[in-house]
Structure formats: C-alpha cells, structure tokens
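Listing of structure-v8.txt; format and content: compact mmCIF, C-alpha atoms.
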```txt
# COMPACT_ATOMS: atom_id res chain seq x y z
CA MET A 1 0.00 0.00 0.00
CA ALA A 2 1.36 3.40 -0.91
CA SER A 3 2.08 5.62 2.07
CA ILE A 4 3.28 9.16 2.80
CA LEU A 5 5.95 9.94 5.37
CA ARG A 6 6.07 13.52 6.67
CA VAL A 7 9.37 14.33 8.30
CA ASN A 8 11.80 17.26 8.56
CA THR A 9 15.11 15.44 8.97
CA ILE A 10 16.42 12.07 7.91
CA THR A 11 19.26 10.46 9.82
CA ASP A 12 20.86 7.08 9.51
CA ALA A 13 20.19 4.54 12.26
CA SER A 14 23.46 5.46 13.95
CA SER A 15 22.36 9.10 14.16
CA ASN A 16 24.97 10.13 11.61
CA ASN A 17 24.69 11.69 8.19
CA SER A 18 21.53 13.63 8.90
CA ILE A 19 19.96 15.60 6.12
CA ALA A 20 16.97 17.89 6.06
CA THR A 21 14.31 16.74 3.68
CA SER A 22 14.37 20.22 2.17
CA VAL A 23 18.01 19.67 1.26
CA LEU A 24 17.19 16.28 -0.14
CA PHE A 25 14.55 17.73 -2.37
CA ASN A 26 16.41 20.86 -3.39
CA GLY A 27 19.54 18.87 -4.12
CA SER A 28 17.84 16.37 -6.36
CA ALA A 29 18.02 16.83 -10.09
CA LYS A 30 14.57 17.59 -11.42
CA ALA A 31 15.36 16.45 -14.94
CA TRP A 32 18.21 14.94 -16.91
CA ILE A 33 18.71 13.50 -20.37
CA ASN A 34 21.33 11.68 -22.36
CA LEU A 35 20.49 12.02 -26.05
CA ASP A 36 22.07 10.69 -29.21
CA GLY A 37 22.56 13.69 -31.47
CA THR A 38 23.74 11.79 -34.53
CA GLY A 39 21.51 10.90 -37.45
CA THR A 40 17.91 10.82 -36.32
CA ILE A 41 18.28 12.03 -32.78
CA GLY A 42 16.93 9.92 -29.94
CA THR A 43 16.82 9.75 -26.18
CA ASN A 44 19.24 7.22 -24.69
CA ASP A 45 17.95 7.69 -21.17
CA SER A 46 16.20 10.46 -19.29
CA TYR A 47 14.17 11.60 -16.34
CA ASN A 48 11.33 14.13 -16.55
CA THR A 49 12.01 15.08 -20.14
CA GLY A 50 9.63 14.60 -23.03
CA SER A 51 10.13 15.23 -26.69
CA ILE A 52 13.40 16.33 -28.27
CA THR A 53 13.76 18.35 -31.46
CA ASP A 54 16.68 18.47 -33.86
CA ASN A 55 16.98 22.12 -34.92
CA GLY A 56 20.12 21.57 -36.95
CA THR A 57 23.65 20.31 -36.47
CA GLY A 58 24.35 20.18 -32.74
CA ASP A 59 21.22 22.19 -31.96
CA TYR A 60 18.63 20.42 -29.82
CA SER A 61 15.46 21.43 -27.97
CA ILE A 62 14.34 19.38 -24.99
CA THR A 63 10.94 19.62 -23.36
CA ILE A 64 10.51 19.19 -19.60
CA THR A 65 7.53 17.01 -18.73
CA ASN A 66 6.76 18.47 -15.30
CA ASN A 67 7.65 22.12 -15.70
CA MET A 68 10.05 24.03 -13.55
CA VAL A 69 8.56 26.92 -11.59
CA ASN A 70 10.51 29.41 -13.68
CA ALA A 71 13.40 29.62 -16.12
CA LEU A 72 16.02 30.39 -13.48
CA TYR A 73 17.12 26.81 -12.92
CA SER A 74 20.65 25.48 -13.09
CA HIS A 75 21.47 23.46 -16.19
CA THR A 76 24.77 21.63 -16.55
CA HIS A 77 26.07 19.71 -19.50
CA GLY A 78 28.38 17.03 -20.77
CA ALA A 79 29.01 15.32 -24.09
CA TYR A 80 30.81 12.45 -25.71
CA THR A 81 31.98 11.86 -29.21
CA ALA A 82 33.56 8.81 -30.71
CA ASP A 83 35.13 10.53 -33.68
CA ASN A 84 38.32 11.81 -32.05
CA ASN A 85 37.02 15.35 -31.85
CA SER A 86 36.35 17.18 -28.63
CA VAL A 87 32.80 18.34 -28.13
CA SER A 88 31.03 20.42 -25.54
CA VAL A 89 27.44 21.41 -24.79
CA ARG A 90 26.29 24.88 -23.90
CA GLY A 91 23.10 26.88 -23.70
CA SER A 92 21.75 27.99 -27.05
CA ALA A 93 22.70 31.53 -27.97
CA GLY A 94 19.61 33.69 -28.30
CA ASN A 95 17.34 31.00 -26.87
CA ALA A 96 16.98 31.41 -23.15
CA PRO A 97 15.81 28.43 -21.10
CA ALA A 98 12.08 28.27 -20.38
CA ALA A 99 10.17 26.64 -17.56
CA GLY A 100 9.08 23.84 -19.83
CA SER A 101 11.98 23.47 -22.22
CA ILE A 102 15.62 24.13 -22.87
CA ARG A 103 17.63 24.47 -26.07
CA VAL A 104 21.31 23.55 -26.16
CA GLN A 105 24.11 23.57 -28.69
CA CYS A 106 26.91 21.05 -29.16
CA CYS A 107 30.13 22.50 -30.43
CA ALA A 108 33.46 21.05 -31.42
CA THR A 109 36.73 22.81 -30.77
CA GLY A 110 36.58 26.21 -32.46
CA ASN A 111 32.87 26.56 -31.69
CA SER A 112 31.75 24.79 -34.86
CA PRO A 113 28.40 22.99 -34.45
CA ASP A 114 28.78 19.25 -34.03
CA ASP A 115 26.43 16.35 -33.43
CA ALA A 116 27.55 14.52 -30.31
CA ASP A 117 27.14 10.79 -29.83
CA GLN A 118 25.87 11.61 -26.37
CA ALA A 119 24.71 15.07 -25.29
CA CYS A 120 23.77 15.33 -21.62
CA VAL A 121 21.80 17.98 -19.75
CA THR A 122 21.03 17.96 -16.01
CA ILE A 123 18.61 20.42 -14.39
CA HIS A 124 18.42 21.49 -10.75
CA GLY A 125 15.91 23.99 -9.42
CA ASP A 126 12.33 24.26 -8.27
CA LEU A 127 9.49 22.35 -9.82
CA ALA A 128 6.25 24.20 -10.49
CA MET B 1 6.34 20.09 14.76
CA ALA B 2 9.87 19.24 13.70
CA SER B 3 10.48 15.53 13.31
CA GLU B 4 13.40 13.26 12.61
CA LEU B 5 13.46 9.86 10.98
CA LYS B 6 16.33 7.49 11.71
CA VAL B 7 16.80 4.87 9.06
CA ASP B 8 19.59 3.26 7.04
CA LYS B 9 17.74 2.49 3.87
CA PHE B 10 14.66 3.64 2.00
CA THR B 11 12.75 1.28 -0.22
CA GLY B 12 9.60 2.06 -2.18
CA VAL B 13 6.47 0.13 -1.31
CA THR B 14 4.87 -0.14 -4.73
CA THR B 15 8.19 -0.24 -6.58
CA ALA B 16 11.30 -0.82 -4.53
CA GLY B 17 13.43 1.59 -6.55
CA SER B 18 10.93 4.42 -6.81
CA ILE B 19 10.11 6.88 -4.04
CA LEU B 20 8.36 10.18 -4.66
CA VAL B 21 9.28 13.34 -2.80
CA GLN B 22 6.96 16.34 -2.50
CA GLY B 23 8.36 19.35 -4.29
CA GLU B 24 8.42 23.06 -3.64
CA GLY B 25 5.04 23.42 -5.30
CA THR B 26 2.45 20.81 -6.07
CA ALA B 27 4.60 18.50 -8.17
CA THR B 28 6.48 15.50 -6.88
CA THR B 29 9.86 14.25 -8.02
CA ASN B 30 11.40 10.81 -8.02
CA LEU B 31 14.04 10.44 -5.32
CA GLN B 32 16.12 7.77 -7.02
CA GLN B 33 16.13 9.45 -10.41
CA GLY B 34 16.98 12.84 -8.99
CA LEU B 35 19.95 11.80 -6.90
CA ALA B 36 23.45 12.12 -8.29
CA LYS B 37 24.93 8.63 -8.36
CA SER B 38 28.47 9.93 -8.35
CA TRP B 39 30.37 13.19 -8.27
CA PHE B 40 34.03 14.07 -8.10
CA THR B 41 36.50 16.90 -8.20
CA ILE B 42 39.96 16.28 -9.59
CA ASN B 43 43.18 18.17 -9.44
CA GLY B 44 44.57 17.21 -12.82
CA THR B 45 47.90 18.92 -12.43
CA GLY B 46 51.05 17.08 -11.41
CA THR B 47 50.10 13.75 -9.91
CA ALA B 48 46.39 13.70 -10.59
CA ALA B 49 44.32 13.30 -7.46
CA LEU B 50 40.73 13.17 -6.30
CA LEU B 51 40.02 16.25 -4.19
CA ASP B 52 36.62 15.01 -3.11
CA SER B 53 34.19 12.47 -4.42
CA PHE B 54 31.19 10.24 -3.95
CA ASN B 55 31.03 6.68 -5.29
CA VAL B 56 34.51 6.89 -6.81
CA GLY B 57 37.07 4.30 -5.78
CA SER B 58 40.09 5.49 -7.68
CA LEU B 59 41.29 7.88 -10.31
CA THR B 60 43.32 6.96 -13.37
CA ASP B 61 45.48 9.49 -15.18
CA ASP B 62 45.10 8.16 -18.72
CA ALA B 63 47.09 10.84 -20.51
CA THR B 64 47.53 14.57 -20.53
CA GLY B 65 44.11 16.03 -19.91
CA LYS B 66 42.43 12.63 -19.79
CA PHE B 67 41.23 11.03 -16.58
CA SER B 68 39.04 8.10 -15.60
CA ALA B 69 37.19 8.13 -12.31
CA ASN B 70 36.47 4.52 -11.46
CA LEU B 71 33.07 4.08 -9.86
CA THR B 72 32.68 1.97 -6.76
CA SER B 73 29.07 1.03 -7.52
CA ALA B 74 28.65 0.65 -11.25
CA MET B 75 25.96 2.16 -13.39
CA SER B 76 23.55 -0.14 -15.22
CA ASN B 77 24.59 1.18 -18.62
CA PHE B 78 26.47 4.06 -20.17
CA ASN B 79 23.43 6.17 -20.98
CA TYR B 80 23.73 8.25 -17.84
CA ALA B 81 23.77 12.03 -17.92
CA LEU B 82 27.20 13.36 -17.08
CA ALA B 83 27.88 17.02 -16.46
CA LYS B 84 31.35 18.44 -16.14
CA THR B 85 33.28 21.60 -15.93
CA HIS B 86 36.70 22.79 -15.00
CA ALA B 87 38.03 25.92 -13.45
CA VAL B 88 40.21 28.28 -15.40
CA ASP B 89 42.53 28.62 -12.44
CA ASP B 90 44.51 25.70 -11.09
CA PRO B 91 44.78 25.04 -7.36
CA ASP B 92 48.21 26.66 -7.42
CA GLY B 93 46.66 29.88 -8.67
CA SER B 94 47.95 29.67 -12.21
CA SER B 95 45.50 30.52 -14.94
CA HIS B 96 44.83 29.10 -18.35
CA ALA B 97 44.67 32.22 -20.46
CA GLY B 98 42.83 31.64 -23.68
CA ASP B 99 40.87 28.72 -22.30
CA ASN B 100 38.10 28.16 -24.79
CA GLY B 101 35.77 26.01 -22.83
CA PHE B 102 35.28 22.67 -21.19
CA TYR B 103 35.37 19.70 -23.43
CA SER B 104 34.56 16.15 -22.80
CA HIS B 105 35.47 12.67 -23.68
CA GLU B 106 37.26 12.03 -26.92
CA GLY B 107 37.56 8.90 -28.94
CA ALA B 108 35.33 6.52 -27.01
CA LEU B 109 32.02 6.39 -25.26
CA PRO B 110 31.87 6.35 -21.48
CA LYS B 111 32.05 2.98 -19.81
CA THR B 112 29.62 1.44 -17.38
CA THR B 113 31.98 1.31 -14.45
CA SER B 114 34.17 4.32 -15.03
CA VAL B 115 33.84 7.87 -16.20
CA ALA B 116 36.35 9.51 -18.45
CA SER B 117 36.74 13.25 -18.09
CA VAL B 118 38.80 15.20 -20.55
CA CYS B 119 39.71 18.84 -20.75
CA SER B 120 41.12 20.74 -23.65
CA HIS B 121 41.95 24.37 -24.07
CA ASN B 122 44.09 26.75 -26.04
CA GLY B 123 42.85 25.61 -29.41
CA GLY B 124 41.86 22.14 -28.35
CA ASP B 125 45.17 20.78 -27.10
CA PHE B 126 44.59 18.50 -24.16
CA ALA B 127 46.05 19.83 -20.97
CA ASP B 128 46.07 18.99 -17.30
CA VAL B 129 44.07 21.55 -15.37
CA GLY B 130 42.90 21.82 -11.79
CA TYR B 131 39.43 21.57 -10.37
CA ILE B 132 37.82 19.30 -12.91
CA SER B 133 34.34 18.61 -11.59
CA SER B 134 31.73 16.17 -12.72
CA SER B 135 28.39 14.75 -11.62
CA LEU B 136 26.51 11.77 -12.89
CA HIS B 137 22.78 10.99 -12.96
CA GLY B 138 21.26 7.78 -14.18
CA ASP B 139 20.56 4.22 -13.09
CA LEU B 140 22.78 2.22 -10.80
CA ALA B 141 23.29 -1.44 -11.67
```
In structure tokens, write the structure found in this file.
Amino acid sequence: MASILRVNTITDASSNNSIATSVLFNGSAKAWINLDGTGTIGTNDSYNTGSITDNGTGDYSITITNNMVNALYSHTHGAYTADNNSVSVRGSAGNAPAAGSIRVQCCATGNSPDDADQACVTIHGDLA
Amino acid sequence: MASELKVDKFTGVTTAGSILVQGEGTATTNLQQGLAKSWFTINGTGTAALLDSFNVGSLTDDATGKFSANLTSAMSNFNYALAKTHAVDDPDGSSHAGDNGFYSHEGALPKTTSVASVCSHNGGDFADVGYISSSLHGDLA
C-alpha cells in the first residue's frame, strides 16, 4: 500500500549523516537527459524530459515534462563523441531556457556545431 | 512540529526503486532518479588526485588532460547524464589564459563502471588543469 511519510530530517540509524528533507529535495536533479545527437536524434535515457527536437547540427530542444517553476534553474552539461574530436554542450545563444523546455548547442573545438554521440543535460531547481 | 526519521535504507512500497518526494510546489519528483549517483572533483595537475568524491574508488590518469574516475558502484549502462566543468585557475593559482571552454570525452564512449573526463583548451590541445568537476545521474546497476 502506498504511504506518505512527513518528516523534517532524515538520519541514519546510527544518528549520523543527517539531512533535512528540504536539502534532499532541493539537491535532487529535477530532470536529466542523455540524447544521441547523430543521425535521427533519440533519447538514450532520461528523467522528466519529453520530446526532443533536432533544430540543426548540434542544436537540440528538450521539453521538460513536469515544468520548472521558472526559467532560473541550473542546467549543466556534458558530451561524448567517438570521432576523435572534442565536443562540448552549452546553452543555445539567443534561446533562453524556459520553464518547460531548454535548447542547447553542441560544439566542437573552435565553436563549430557538431552532433555529439551523447549530449547530456542535467537540471536542478524548483518544480512548479 | 519538527520531526526526525532514523533509518539506514529507503525502499519504495509499490516499486522498490521508486520513491516520490513532495516538491516546492504541487509537483512531486522521483528520489532515485533525482539523486546524483556519483560526483568528483579532480586536481589534474602534477600527480592527478581526487580532491573530493562520492562513489569513486580510484582515479586513473590516462594521458595529458584525460582522466578516468572509477566508480565503486557501477551504473547499469552508459546512458547516464554526465555534467562536467573545470576551473580556469589551477589550485596553485595559475590561470589558463585563452581557455576556450570545457570539453569532454574524446575517442570513445563512457564505460559502465568508469567515467572519463577530458579537458582541452588553447585551441583544443589536451592539458592537465585543476578543479575538474563532474556529476553523474542515471541508473545504478
């Protein structure tokens, strides 16, 4: 049977490593995605993200299923490529994050757009 | 009334690996999916070393600017979301003028049990820098 536990602080049984439930919640990522940006893009794995859109080389839009409360959340990135080129992910120039979506760009060295084998985005902040 | 729960392990009732947590507003979030499964900070200069970490057993200096943090508890696959960054300044205070960003793994996909973190700067040449930080979200094995 499903149940709800209402508590302010969680501590291990030895009374060590206590954490406030507010910290637990605020510290949890509210969404993350690992997407394949090559060819027809696809989601490798994700949490709380919905559809993804390929806007062009290295240019992806990601929808957030349960919206954030605003667009002021923290978004961090990572990427992998198997083609012996370095690649990074950054926020999309001219496209600010929104509560329900984020647009990112993958770039190779020299800032040229590049499709990453894996483009990762992790979001922390407040849910709506 | 403030309350405190003392426990060593949480397990979901309906699904063992799924516990919801009430959010700031009306939405809930999944505890297991939201937690970082590993994080680490590396000093990549000199003898590379872990400065602090969670779920990392050891660090391997693969080559200049290339490091593998070996996870203690493995992930279930390599489709986890990895975020990384590095500071422009090294722990010794030296700076990397002309640093053009933080780059990631080159030449191979991440592995299930280890994370490779690579930095390049100054036109893409790999270089050892300080304060390389990374976090990892996904499914544990």
Kindly provide the residues of chain A that approach chain B to within 6 Å, each paired with its closest atom pair and their distance in Å to one decimal, based on all atoms listed in the file, listed by chain and increasing number, as CSV.
```
residue,atom,partner,partner_atom,distance
A:Val7,CA,B:Ser3,CA,5.3
A:Asn8,CA,B:Ser3,CA,5.2
A:Thr9,CA,B:Glu4,CA,4.6
A:Ile10,CA,B:Leu5,CA,4.8
A:Thr11,CA,B:Lys6,CA,4.6
A:Asp12,CA,B:Val7,CA,4.6
A:Ala13,CA,B:Val7,CA,4.7
A:Ser28,CA,B:Gly34,CA,4.5
A:Ala29,CA,B:Gly34,CA,4.3
A:Lys30,CA,B:Gly34,CA,5.9
A:Ile33,CA,B:Ala81,CA,5.8
A:Asn34,CA,B:Ala81,CA,5.1
A:Asn44,CA,B:Asn79,CA,5.7
A:Asp45,CA,B:Asn79,CA,5.7
A:Thr76,CA,B:Ala83,CA,5.6
A:His77,CA,B:Ala83,CA,4.4
A:Gly78,CA,B:Ala83,CA,4.3
A:Ala79,CA,B:Ser104,CA,5.8
A:Tyr80,CA,B:His105,CA,5.1
A:Thr81,CA,B:Glu106,CA,5.8
A:Ala82,CA,B:Gly107,CA,4.4
A:Asp83,CA,B:Gly107,CA,5.6
A:Asn84,CA,B:Gly107,CA,4.3
A:Asn85,CA,B:Glu106,CA,5.9
A:Ser86,CA,B:Glu106,CA,5.5
A:Val87,CA,B:Tyr103,CA,5.5
A:Ser88,CA,B:Tyr103,CA,4.9
A:Thr109,CA,B:Gly124,CA,5.7
A:Cys120,CA,B:Ala81,CA,5.0
A:Ala128,CA,B:Gly25,CA,5.4
```
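In this comparison, which uses all atoms listed in the file, the residue of B:Ala48, B:Val56, B:Ala127, B:Ile132 approaching Val115 (chain B) most closely is B:Val56.
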Residue with smallest distance to Pro97 (chain A) - pool A:Ser3, A:Asn70, A:Ser112, A:Gln118, counting all atoms listed in the file: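 Looking only at the distances to Pro97 (chain A), the closest residue turns out to be A:Asn70.
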Residue among A:Asn26, A:Ser92, A:Thr40, A:Ser51 lying closest to Gln105 (chain A), counting only C-alpha atoms:
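Comparing A:Asn26, A:Ser92, A:Thr40, A:Ser51 against Gln105 (chain A), the winner is A:Ser92.
Distance annotation: of B:Thr64, B:Thr45, B:Ser18, B:Ser38, the residue with the minimal separation from Tyr131 (chain B) is B:Thr45; atom set is only C-alpha atoms.
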Would you please work out which residue, of A:Thr63, A:Thr43, A:Asn111, A:Thr122, is nearest to Ala99 (chain A) when using all atoms listed in the file?
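That would be A:Thr63, the residue with the smallest distance to Ala99 (chain A).
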Shell around Ala141 (chain B) at 7 Å using only C-alpha atoms, local window under 2 positions removed, as a list in words: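 Here the qualifying residues turn out to be Ala74, Met75, Ser76 and Asp139 of chain B.
Here the selection is built from all atoms listed in the file, and the residues within 12 Å of (14.7, 30.6, -15.2) turn out to be Asn67, Met68, Val69, Asn70, Ala71, Leu72, Tyr73, Ser74, His75, Asn95, Ala96, Pro97, Ala98, Ala99, Gly100, Ser101, Ile102, Ile123, His124, Gly125, Asp126, Leu127 and Ala128 of chain A.
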Go ahead and save the picked residues with C-alpha atoms, as a CSV table (one decimal), keeping the file's coordinate frame.
```
chain,number,residue,atom,x,y,z
A,67,ASN,CA,7.6,22.1,-15.7
A,68,MET,CA,10.0,24.0,-13.6
A,69,VAL,CA,8.6,26.9,-11.6
A,70,ASN,CA,10.5,29.4,-13.7
A,71,ALA,CA,13.4,29.6,-16.1
A,72,LEU,CA,16.0,30.4,-13.5
A,73,TYR,CA,17.1,26.8,-12.9
A,74,SER,CA,20.6,25.5,-13.1
A,75,HIS,CA,21.5,23.5,-16.2
A,95,ASN,CA,17.3,31.0,-26.9
A,96,ALA,CA,17.0,31.4,-23.2
A,97,PRO,CA,15.8,28.4,-21.1
A,98,ALA,CA,12.1,28.3,-20.4
A,99,ALA,CA,10.2,26.6,-17.6
A,100,GLY,CA,9.1,23.8,-19.8
A,101,SER,CA,12.0,23.5,-22.2
A,102,ILE,CA,15.6,24.1,-22.9
A,123,ILE,CA,18.6,20.4,-14.4
A,124,HIS,CA,18.4,21.5,-10.8
A,125,GLY,CA,15.9,24.0,-9.4
A,126,ASP,CA,12.3,24.3,-8.3
A,127,LEU,CA,9.5,22.4,-9.8
A,128,ALA,CA,6.2,24.2,-10.5
```
Correct to one decimal, the distance CA of Ser133 (chain B)-CA of Phe40 (chain B) is 5.7 Å
**Study point:** Straight-line distance linking CA of Ala69 (chain B) with CA of Val104 (chain A), stated in Å to one decimal
**Key:**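 Between CA of Ala69 (chain B) and CA of Val104 (chain A) the gap works out to 26.1 Å.
Put simply, CA of Pro113 (chain A) is 14.6 Å away from CA of Ser61 (chain A).
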